Amino acid sequence: MIHKRSIKEKLLKGGAWAFSGKVVTAFTGLAVNALLARLLPPEELGVYFLAFSLVLFMAVVAQLGLTQSIVRLVAESMAINRPKRAHLAVLWTLRLAALAILGVSCLFAFGGGAWIANYFFHSEGLSQVVGLVAVWTVVIAFQQIMAEIYRGFHDIRLATIFGGLVTGLLTMIIFFAFWMLEWNSDLDEIIFFSIAAGASSVALSSLMLWKKISVLPLPIGNEINVLEILHLSWPLWISGLMVFVVLQADIWVVGYFLEDVDVALYGAALRIVTLLLITTSVLYSFLPPIIAEMSVNKEIRKLQAILCSVAFGNSFIVFPAFMLLVLFPEFTLSLVYGDYYIQGAFVLSALSIGLFFNVLTGIRGYVLMMTGHEKTQMVISIVGAGINILFCSIGAVSMGINGVAIGALFGTIIQCVLEVIAVKRLVGVWTFATPLYIKQFNINL
């Protein structure tokens, strides 16, 4: 059983690293976006946003749900004192991920990418960087896998550092140098140096991970096999894909129905909201393994105290920024990107409302995935993704980028409500923000 002090220590230590890391990551992300708006014309910035969205999607496809399952497998194994099982789970996960990531990237580079660029997004600029996008996918996919392995071991420090912090800092420094030197950058160079920054992070992360798992007992026998990992991972994979669709399908809809300039306007607003979501996920970055452990040990009342208190804390943290984005969207866009991008003011306000509702309702999906209800989460994600695509498509045809933002807002609200209800019925806990459990959270943990 988890010792009471250990939970507090994990929350406090993990929270400190997660908070500092997420704040720095959000700042570097905002700086990178601002620099890109000054290094690239709007049309190329729109292509960059589409390319990055494709990279994230293909990374999710290639990871086969392993980013979620490895957290649960490692956390559960260590909680029940089976380090050999954790060791073997890491080894199989890395082997499976390597095969899948390389396979997906090759398919995209040698045929699929050109078709998507030319016939789906109708973007000549995107078709010219297909090879670079494929390589970028490999880097981002491995970066995420490594970070989640660290998270499973409760090493939030390394999960934070190698989950995007190093990449963000290196990218910001490179692009800042380009801007100061007035380097005449094109999209190819921007993506190339983004890849270089990410690859540097992955190399360091791999070295540290080898040192970490080498101290574990060697896995002898059949502690866990490939079929067990895949059986756990496939519903998480589908859920991850659908969650991605909910979060990113709106910019794909813009790319399909509208022009590259519209993608730049919508993507500029979306990137600000996404960066705000990074700051709100500070406390959530170390909760998944704790959820898995507390579920194994049947500590349901304490779990609810944690979930509701964390949701309240996140809502409190994000509220000032939320009000800034809703009330002063033109000022925010002008400050970050320049005056041209204030045309996306309504988009920024609408997406911010959806984000805040997401924060208020807590860490719903992860509770389902870490407590054995991954198939329920998969179904909800499929329904939510379908609703989101439908609403965004109707909005694009009728109202342009503003209509897409309205569709994304309502799609987000519907999925959040469905997940809250499912968690209560299946796990027996609420996840939405409330201060009622803060005292219990402090005393009992």
# chains A, B, ... in the order shown; residues from 1 in each chain; ligands from 1
$ residues_around --residues "Ala97 (chain A)" --least-positions-apart "4" --cutoff "6 Å" --atoms "only C-alpha atoms" --output "mmCIF file with N, CA and C atoms, in the first residue's frame"
data_model
loop_
_atom_site.group_PDB
_atom_site.id
_atom_site.type_symbol
_atom_site.label_atom_id
_atom_site.label_comp_id
_atom_site.auth_asym_id
_atom_site.auth_seq_id
_atom_site.Cartn_x
_atom_site.Cartn_y
_atom_site.Cartn_z
ATOM 1 N N GLN A 63 2.547 5.883 -32.008
ATOM 2 C CA GLN A 63 2.822 5.458 -30.630
ATOM 3 C C GLN A 63 1.926 4.309 -30.170
ATOM 4 N N THR A 93 8.075 -1.668 -24.860
ATOM 5 C CA THR A 93 7.468 -0.429 -25.342
ATOM 6 C C THR A 93 8.380 0.294 -26.320
ATOM 7 N N ILE A 101 6.897 3.818 -35.241
ATOM 8 C CA ILE A 101 7.246 5.204 -35.595
ATOM 9 C C ILE A 101 7.970 5.259 -36.937
#
$ residues_around --residues "Ala385 (chain A)" --least-positions-apart "6" --cutoff "12 Å" --atoms "only C-alpha atoms" --output "ChimeraX atom specification"
/A:238-250,377-379,391-392,407-408,410-416
$ closest_atom_pairs --of "region 392-444 of chain A" --to "region 326-345 of chain A" --cutoff "10 Å" --atoms "only C-alpha atoms" --output "Markdown table"
| residue | atom | partner | partner_atom | distance |
| --- | --- | --- | --- | --- |
| A:Ile401 | CA | A:Gly344 | CA | 8.0 |
| A:Asn402 | CA | A:Gly344 | CA | 8.0 |
| A:Ala405 | CA | A:Gly344 | CA | 9.9 |
$ atom_distance --atom1 "CA of Gly112 (chain A)" --atom2 "CA of Leu258 (chain A)"
21.5 Å
$ closest_residue --among "A:Leu287, A:Ala34, A:Ala433, A:Leu355" --to "Gly313 (chain A)" --atoms "only C-alpha atoms"
A:Ala433
$ residues_around --residues "Phe142 (chain A)" --least-positions-apart "6" --cutoff "12 Å" --atoms "only C-alpha atoms" --output "ChimeraX atom specification"
/A:55-56,58-60,62-63,66-67,93-102,135-136,148-149,162-164,198-206
$ write_last_selection --atoms "N, CA and C atoms" --output "short mmCIF file (atom, residue, chain, number, x, y, z; two decimals), in the first residue's frame"
data_model
loop_
_atom_site.label_atom_id
_atom_site.label_comp_id
_atom_site.auth_asym_id
_atom_site.auth_seq_id
_atom_site.Cartn_x
_atom_site.Cartn_y
_atom_site.Cartn_z
N VAL A 55 2.48 16.48 -37.70
CA VAL A 55 3.52 15.81 -36.93
C VAL A 55 2.94 15.23 -35.64
N LEU A 56 2.17 16.04 -34.93
CA LEU A 56 1.57 15.58 -33.68
C LEU A 56 0.60 14.43 -33.92
N MET A 58 0.61 12.22 -36.50
CA MET A 58 1.33 11.00 -36.87
C MET A 58 2.08 10.42 -35.68
N ALA A 59 2.53 11.27 -34.77
CA ALA A 59 3.18 10.77 -33.56
C ALA A 59 2.20 9.95 -32.74
N VAL A 60 0.95 10.44 -32.62
CA VAL A 60 -0.07 9.70 -31.88
C VAL A 60 -0.37 8.38 -32.57
N ALA A 62 1.62 6.62 -34.50
CA ALA A 62 2.77 5.72 -34.43
C ALA A 62 3.03 5.19 -33.02
N GLN A 63 2.55 5.88 -32.01
CA GLN A 63 2.82 5.46 -30.63
C GLN A 63 1.93 4.31 -30.17
N LEU A 66 0.99 3.56 -26.59
CA LEU A 66 2.03 3.17 -25.64
C LEU A 66 2.38 4.28 -24.66
N THR A 67 2.19 5.53 -25.05
CA THR A 67 2.50 6.63 -24.14
C THR A 67 1.62 6.60 -22.90
N THR A 93 8.08 -1.67 -24.86
CA THR A 93 7.47 -0.43 -25.34
C THR A 93 8.38 0.29 -26.32
N LEU A 94 9.66 0.37 -26.00
CA LEU A 94 10.60 1.05 -26.88
C LEU A 94 10.76 0.30 -28.20
N ARG A 95 10.77 -1.04 -28.15
CA ARG A 95 10.89 -1.82 -29.39
C ARG A 95 9.66 -1.64 -30.28
N LEU A 96 8.50 -1.76 -29.68
CA LEU A 96 7.27 -1.59 -30.45
C LEU A 96 7.16 -0.18 -31.02
N ALA A 97 7.50 0.80 -30.20
CA ALA A 97 7.42 2.19 -30.65
C ALA A 97 8.38 2.46 -31.80
N ALA A 98 9.59 1.91 -31.73
CA ALA A 98 10.57 2.13 -32.79
C ALA A 98 10.05 1.60 -34.12
N LEU A 99 9.52 0.40 -34.13
CA LEU A 99 8.99 -0.18 -35.37
C LEU A 99 7.84 0.64 -35.93
N ALA A 100 6.90 1.01 -35.05
CA ALA A 100 5.72 1.73 -35.51
C ALA A 100 6.05 3.14 -35.98
N ILE A 101 6.90 3.82 -35.24
CA ILE A 101 7.25 5.20 -35.59
C ILE A 101 7.97 5.26 -36.94
N LEU A 102 8.93 4.39 -37.13
CA LEU A 102 9.66 4.37 -38.40
C LEU A 102 8.74 3.97 -39.55
N VAL A 135 10.58 13.22 -40.81
CA VAL A 135 11.68 13.14 -39.84
C VAL A 135 11.28 13.80 -38.53
N TRP A 136 10.58 14.91 -38.61
CA TRP A 136 10.10 15.63 -37.43
C TRP A 136 9.20 14.72 -36.60
N GLU A 148 7.00 9.95 -21.07
CA GLU A 148 5.98 9.17 -20.36
C GLU A 148 6.60 8.00 -19.58
N ILE A 149 7.69 7.46 -20.06
CA ILE A 149 8.39 6.42 -19.29
C ILE A 149 8.89 7.01 -17.97
N PHE A 162 12.67 16.62 -20.47
CA PHE A 162 12.76 16.02 -21.79
C PHE A 162 11.42 15.88 -22.49
N GLY A 163 10.34 16.36 -21.86
CA GLY A 163 9.02 16.31 -22.49
C GLY A 163 8.72 17.52 -23.34
N GLY A 164 9.70 18.39 -23.53
CA GLY A 164 9.49 19.58 -24.35
C GLY A 164 10.26 20.80 -23.91
N GLY A 198 14.86 19.18 -31.31
CA GLY A 198 14.19 18.02 -30.73
C GLY A 198 15.10 16.80 -30.67
N ALA A 199 15.91 16.59 -31.71
CA ALA A 199 16.81 15.44 -31.74
C ALA A 199 17.86 15.53 -30.63
N SER A 200 18.32 16.73 -30.33
CA SER A 200 19.27 16.92 -29.24
C SER A 200 18.66 16.50 -27.91
N SER A 201 17.39 16.87 -27.70
CA SER A 201 16.69 16.49 -26.48
C SER A 201 16.52 14.98 -26.38
N VAL A 202 16.14 14.34 -27.49
CA VAL A 202 15.93 12.89 -27.49
C VAL A 202 17.24 12.15 -27.19
N ALA A 203 18.35 12.63 -27.73
CA ALA A 203 19.64 11.98 -27.49
C ALA A 203 20.00 12.03 -26.00
N LEU A 204 19.84 13.18 -25.38
CA LEU A 204 20.13 13.30 -23.95
C LEU A 204 19.17 12.46 -23.12
N SER A 205 17.90 12.47 -23.51
CA SER A 205 16.88 11.70 -22.80
C SER A 205 17.18 10.21 -22.85
N SER A 206 17.63 9.71 -24.00
CA SER A 206 17.94 8.29 -24.15
C SER A 206 19.08 7.87 -23.23
#
$ decode --residues "region 33-89 of chain A" --atoms "C-alpha atoms" --output "PDB file, in the first residue's frame"
ATOM      1  CA  ASN A  33       5.372  31.638 -32.025  1.00  0.00           C
ATOM      2  CA  ALA A  34       6.094  35.350 -31.820  1.00  0.00           C
ATOM      3  CA  LEU A  35       9.450  34.884 -33.550  1.00  0.00           C
ATOM      4  CA  LEU A  36       7.917  32.703 -36.285  1.00  0.00           C
ATOM      5  CA  ALA A  37       5.369  35.410 -37.046  1.00  0.00           C
ATOM      6  CA  ARG A  38       8.285  37.756 -37.683  1.00  0.00           C
ATOM      7  CA  LEU A  39      10.442  35.275 -39.588  1.00  0.00           C
ATOM      8  CA  LEU A  40       7.753  33.889 -41.924  1.00  0.00           C
ATOM      9  CA  PRO A  41       4.994  35.519 -44.005  1.00  0.00           C
ATOM     10  CA  PRO A  42       1.402  34.561 -43.023  1.00  0.00           C
ATOM     11  CA  GLU A  43       1.072  31.997 -45.831  1.00  0.00           C
ATOM     12  CA  GLU A  44       4.194  30.097 -44.725  1.00  0.00           C
ATOM     13  CA  LEU A  45       3.226  30.390 -41.061  1.00  0.00           C
ATOM     14  CA  GLY A  46      -0.086  28.755 -41.961  1.00  0.00           C
ATOM     15  CA  VAL A  47       1.814  25.895 -43.632  1.00  0.00           C
ATOM     16  CA  TYR A  48       4.018  25.585 -40.529  1.00  0.00           C
ATOM     17  CA  PHE A  49       0.948  25.245 -38.294  1.00  0.00           C
ATOM     18  CA  LEU A  50      -0.486  22.546 -40.566  1.00  0.00           C
ATOM     19  CA  ALA A  51       2.848  20.722 -40.683  1.00  0.00           C
ATOM     20  CA  PHE A  52       3.215  20.749 -36.908  1.00  0.00           C
ATOM     21  CA  SER A  53      -0.354  19.529 -36.484  1.00  0.00           C
ATOM     22  CA  LEU A  54       0.366  16.646 -38.855  1.00  0.00           C
ATOM     23  CA  VAL A  55       3.524  15.806 -36.926  1.00  0.00           C
ATOM     24  CA  LEU A  56       1.568  15.583 -33.678  1.00  0.00           C
ATOM     25  CA  PHE A  57      -1.121  13.450 -35.313  1.00  0.00           C
ATOM     26  CA  MET A  58       1.330  11.000 -36.871  1.00  0.00           C
ATOM     27  CA  ALA A  59       3.182  10.770 -33.563  1.00  0.00           C
ATOM     28  CA  VAL A  60      -0.072   9.698 -31.878  1.00  0.00           C
ATOM     29  CA  VAL A  61      -0.730   7.180 -34.667  1.00  0.00           C
ATOM     30  CA  ALA A  62       2.770   5.715 -34.427  1.00  0.00           C
ATOM     31  CA  GLN A  63       2.822   5.458 -30.630  1.00  0.00           C
ATOM     32  CA  LEU A  64       0.018   2.835 -30.645  1.00  0.00           C
ATOM     33  CA  GLY A  65      -1.290   4.069 -27.283  1.00  0.00           C
ATOM     34  CA  LEU A  66       2.027   3.169 -25.636  1.00  0.00           C
ATOM     35  CA  THR A  67       2.503   6.634 -24.140  1.00  0.00           C
ATOM     36  CA  GLN A  68      -0.543   6.064 -21.919  1.00  0.00           C
ATOM     37  CA  SER A  69      -0.090   2.350 -21.218  1.00  0.00           C
ATOM     38  CA  ILE A  70       3.570   2.604 -20.192  1.00  0.00           C
ATOM     39  CA  VAL A  71       2.698   5.103 -17.442  1.00  0.00           C
ATOM     40  CA  ARG A  72       0.135   2.717 -16.018  1.00  0.00           C
ATOM     41  CA  LEU A  73       2.301  -0.406 -16.419  1.00  0.00           C
ATOM     42  CA  VAL A  74       5.374   1.095 -14.769  1.00  0.00           C
ATOM     43  CA  ALA A  75       3.436   2.796 -11.971  1.00  0.00           C
ATOM     44  CA  GLU A  76       1.430  -0.339 -11.161  1.00  0.00           C
ATOM     45  CA  SER A  77       4.509  -2.591 -11.345  1.00  0.00           C
ATOM     46  CA  MET A  78       6.518  -0.430  -8.978  1.00  0.00           C
ATOM     47  CA  ALA A  79       3.529  -0.052  -6.629  1.00  0.00           C
ATOM     48  CA  ILE A  80       3.224  -3.841  -6.221  1.00  0.00           C
ATOM     49  CA  ASN A  81       7.013  -4.291  -5.991  1.00  0.00           C
ATOM     50  CA  ARG A  82       7.569  -5.906  -9.397  1.00  0.00           C
ATOM     51  CA  PRO A  83      10.511  -3.912 -10.843  1.00  0.00           C
ATOM     52  CA  LYS A  84      11.358  -6.708 -13.320  1.00  0.00           C
ATOM     53  CA  ARG A  85       7.918  -6.268 -14.862  1.00  0.00           C
ATOM     54  CA  ALA A  86       8.478  -2.508 -15.127  1.00  0.00           C
ATOM     55  CA  HIS A  87      11.890  -3.093 -16.753  1.00  0.00           C
ATOM     56  CA  LEU A  88      10.480  -5.489 -19.328  1.00  0.00           C
ATOM     57  CA  ALA A  89       7.509  -3.212 -20.056  1.00  0.00           C
TER      58      ALA A  89
END
